[in-house]
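Here's the structure we're looking at; comments come further down.
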Amino acid sequence: MTPQQIIDYCLAKRGAYIDYPFGPDVVAIKVGKTSERSGRIFAQIFKLKGIDTVTLNCDMMTGQFYRDLLPNIVVRGYHCPAVQQPYFNTFPLTDDVTDELIIEMIEHSYQTVVNKLPKYVQKSLED
């Protein structure tokens with residue numbers, strides 16, 4: 001998938017929107033924005049050493065599963081503080097990671113973040 005395809009896929013999720021909390025070079029896709037609070041990030045797309053790269057939210061066990069599945073390709077959250085690294089995975093957009101796996105990880109990331117939102121926000125995101 002290209003960065004734009006990932007952005008488009010993420011933005012098709014209910015309640016998703018783009019933000020730039022880390023500056024113009026990092027596209028952050030968030031969900032759960034209300035009038036009282038900003039949403040939470042579930043995907044980040046950026047260049048790392050000239051390579052298109054993605055960071056996605058995850059639970060600790062699922063994050064480790066993907067790191068074990070693709071060792072040295074899917075790694076702990078690149079830019080995250082050490083305590084948060086097990087809850088984020090970073091990987092390059094190369095042929096090493098299939099589109100199907102990227103979509104699977106995006107779905108997991110979105111659901112992981114939605115599950116952490118207040119119940120009233122979760123309810124507003126239901127179909």
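Residue numbering restarts at 1 for every chain of the structure tokens, chains are lettered A, B, ... in their displayed order, and ligands are numbered from 1 as they appear.
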For Tyr9 (chain A): contacts at 12 Å, only C-alpha atoms, fewer than 2 positions along chain excluded, given as number ranges by chain: A: 1-7, 11-14, 16-17, 29, 43, 99, 102-107, 110
Which of chain A DSSP labels helix (DSSP H, G or I), written as a VMD selection string: chain A and resid 3 to 11 60 to 69 85 to 87 99 to 116 119 to 124
Got time to write the residues from that selection, C-alpha atoms, as a PDB file, in the first residue's frame?
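Result written to part13.pdb:
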ATOM      1  CA  PRO A   3       1.001   6.182   2.136  1.00  0.00           C
ATOM      2  CA  GLN A   4      -2.022   7.764   0.433  1.00  0.00           C
ATOM      3  CA  GLN A   5      -3.853   4.424   0.261  1.00  0.00           C
ATOM      4  CA  ILE A   6      -3.251   3.946   3.980  1.00  0.00           C
ATOM      5  CA  ILE A   7      -4.465   7.456   4.751  1.00  0.00           C
ATOM      6  CA  ASP A   8      -7.579   6.910   2.623  1.00  0.00           C
ATOM      7  CA  TYR A   9      -8.273   3.539   4.256  1.00  0.00           C
ATOM      8  CA  CYS A  10      -7.892   5.006   7.740  1.00  0.00           C
ATOM      9  CA  LEU A  11     -10.060   8.024   6.942  1.00  0.00           C
ATOM     10  CA  MET A  60       0.946  -5.594  24.011  1.00  0.00           C
ATOM     11  CA  MET A  61       0.316  -9.219  22.998  1.00  0.00           C
ATOM     12  CA  THR A  62      -0.832  -8.457  19.458  1.00  0.00           C
ATOM     13  CA  GLY A  63       2.059  -6.065  18.982  1.00  0.00           C
ATOM     14  CA  GLN A  64       4.494  -8.794  19.949  1.00  0.00           C
ATOM     15  CA  PHE A  65       2.754 -11.235  17.602  1.00  0.00           C
ATOM     16  CA  TYR A  66       3.397  -8.969  14.608  1.00  0.00           C
ATOM     17  CA  ARG A  67       6.995  -8.320  15.699  1.00  0.00           C
ATOM     18  CA  ASP A  68       7.559 -12.094  15.927  1.00  0.00           C
ATOM     19  CA  LEU A  69       5.839 -12.638  12.566  1.00  0.00           C
ATOM     20  CA  GLN A  85       6.853   1.110  22.859  1.00  0.00           C
ATOM     21  CA  PRO A  86       5.146  -2.256  23.476  1.00  0.00           C
ATOM     22  CA  TYR A  87       1.815  -0.600  22.553  1.00  0.00           C
ATOM     23  CA  ASP A  99      -1.400  -5.128   1.980  1.00  0.00           C
ATOM     24  CA  GLU A 100      -3.557  -7.697   3.764  1.00  0.00           C
ATOM     25  CA  LEU A 101      -1.347  -7.585   6.835  1.00  0.00           C
ATOM     26  CA  ILE A 102      -1.306  -3.780   6.808  1.00  0.00           C
ATOM     27  CA  ILE A 103      -5.116  -3.725   6.709  1.00  0.00           C
ATOM     28  CA  GLU A 104      -5.268  -6.288   9.523  1.00  0.00           C
ATOM     29  CA  MET A 105      -2.952  -4.147  11.661  1.00  0.00           C
ATOM     30  CA  ILE A 106      -4.926  -0.963  10.877  1.00  0.00           C
ATOM     31  CA  GLU A 107      -8.164  -2.676  11.896  1.00  0.00           C
ATOM     32  CA  HIS A 108      -6.573  -3.820  15.154  1.00  0.00           C
ATOM     33  CA  SER A 109      -5.153  -0.356  15.814  1.00  0.00           C
ATOM     34  CA  TYR A 110      -8.465   1.398  15.212  1.00  0.00           C
ATOM     35  CA  GLN A 111     -10.369  -1.017  17.449  1.00  0.00           C
ATOM     36  CA  THR A 112      -7.704  -0.839  20.172  1.00  0.00           C
ATOM     37  CA  VAL A 113      -7.969   2.952  20.280  1.00  0.00           C
ATOM     38  CA  VAL A 114     -11.769   3.007  20.085  1.00  0.00           C
ATOM     39  CA  ASN A 115     -11.898   0.579  23.031  1.00  0.00           C
ATOM     40  CA  LYS A 116      -9.894   3.082  25.115  1.00  0.00           C
ATOM     41  CA  LYS A 119     -18.183   4.906  26.467  1.00  0.00           C
ATOM     42  CA  TYR A 120     -20.202   7.866  25.199  1.00  0.00           C
ATOM     43  CA  VAL A 121     -17.645   8.437  22.421  1.00  0.00           C
ATOM     44  CA  GLN A 122     -17.589   4.724  21.562  1.00  0.00           C
ATOM     45  CA  LYS A 123     -21.368   4.790  21.281  1.00  0.00           C
ATOM     46  CA  SER A 124     -21.227   7.730  18.858  1.00  0.00           C
TER      47      SER A 124
END
Minimum-distance residue to Glu126 (chain A), chosen among A:Phe46, A:Cys80, A:Ser35, A:Gly15 (using only C-alpha atoms):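 Nearest to Glu126 (chain A): A:Gly15.
Candidate residues A:Asp19, A:Ile45, A:Cys58, A:Asn72 were compared for distance to Lys33 (chain A), and the nearest is A:Asp19, using only C-alpha atoms.
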Neighbour list for Ile51 (chain A) as a JSON list (two decimals) with C-alpha atoms, in the first residue's frame, cut-off 8 Å, only C-alpha atoms, skip fewer than 2 positions in-chain:
[["chain", "number", "residue", "atom", "x", "y", "z"],
["A", 47, "LYS", "CA", 9.28, 9.16, 6.26],
["A", 48, "LEU", "CA", 12.10, 7.57, 8.24],
["A", 49, "LYS", "CA", 15.51, 7.77, 6.59],
["A", 53, "THR", "CA", 6.89, 4.30, 7.40],
["A", 92, "PRO", "CA", 8.39, 0.41, 6.56],
["A", 93, "LEU", "CA", 6.08, 0.37, 3.56]]
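Of note, CA of Phe42 (chain A) and CA of Thr94 (chain A) are spaced 20.2 Å apart.
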Coordinates-based distance that separates CA of Pro24 (chain A) from CA of Gln44 (chain A) (Å, one decimal): 11.8 Å
Strand (DSSP E or B) positions in chain A, given as a VMD selection string: chain A and resid 16 to 19 27 to 31 40 to 48 51 to 57 75 to 76 88 to 92
Write out, as a PDB file, in the first residue's frame, the residues just selected, with C-alpha atoms.
ATOM      1  CA  ALA A  16     -11.377   9.253  11.730  1.00  0.00           C
ATOM      2  CA  TYR A  17      -9.674  12.523  10.850  1.00  0.00           C
ATOM      3  CA  ILE A  18      -6.198  13.889  10.082  1.00  0.00           C
ATOM      4  CA  ASP A  19      -4.144  15.903  12.541  1.00  0.00           C
ATOM      5  CA  VAL A  27       0.300  12.516   9.218  1.00  0.00           C
ATOM      6  CA  ALA A  28      -1.559  11.372  12.316  1.00  0.00           C
ATOM      7  CA  ILE A  29      -4.947   9.740  11.929  1.00  0.00           C
ATOM      8  CA  LYS A  30      -7.095  10.112  15.022  1.00  0.00           C
ATOM      9  CA  VAL A  31     -10.512   8.981  16.181  1.00  0.00           C
ATOM     10  CA  ARG A  40      -6.549   9.588  19.988  1.00  0.00           C
ATOM     11  CA  ILE A  41      -4.004   8.587  17.362  1.00  0.00           C
ATOM     12  CA  PHE A  42      -4.376   5.167  15.769  1.00  0.00           C
ATOM     13  CA  ALA A  43      -2.075   5.611  12.749  1.00  0.00           C
ATOM     14  CA  GLN A  44       0.941   7.728  11.870  1.00  0.00           C
ATOM     15  CA  ILE A  45       2.480   7.934   8.414  1.00  0.00           C
ATOM     16  CA  PHE A  46       5.892   9.541   7.920  1.00  0.00           C
ATOM     17  CA  LYS A  47       9.285   9.158   6.257  1.00  0.00           C
ATOM     18  CA  LEU A  48      12.099   7.571   8.237  1.00  0.00           C
ATOM     19  CA  ILE A  51      11.435   5.394   3.542  1.00  0.00           C
ATOM     20  CA  ASP A  52       7.666   5.668   3.945  1.00  0.00           C
ATOM     21  CA  THR A  53       6.894   4.301   7.396  1.00  0.00           C
ATOM     22  CA  VAL A  54       3.803   3.619   9.497  1.00  0.00           C
ATOM     23  CA  THR A  55       3.267   3.420  13.241  1.00  0.00           C
ATOM     24  CA  LEU A  56       0.082   1.788  14.532  1.00  0.00           C
ATOM     25  CA  ASN A  57      -1.358   1.376  18.000  1.00  0.00           C
ATOM     26  CA  VAL A  75       9.496  -3.148  15.429  1.00  0.00           C
ATOM     27  CA  ARG A  76       8.381  -1.525  18.667  1.00  0.00           C
ATOM     28  CA  PHE A  88       2.921   0.654  19.131  1.00  0.00           C
ATOM     29  CA  ASN A  89       4.418  -1.054  16.088  1.00  0.00           C
ATOM     30  CA  THR A  90       6.437   0.693  13.398  1.00  0.00           C
ATOM     31  CA  PHE A  91       7.197  -0.762   9.974  1.00  0.00           C
ATOM     32  CA  PRO A  92       8.386   0.414   6.559  1.00  0.00           C
TER      33      PRO A  92
END
Pairwise distance for CA of Tyr20 (chain A) and CA of Glu36 (chain A), rounded to one decimal in Å: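 Calculated distance between CA of Tyr20 (chain A) and CA of Glu36 (chain A) is 18.6 Å.
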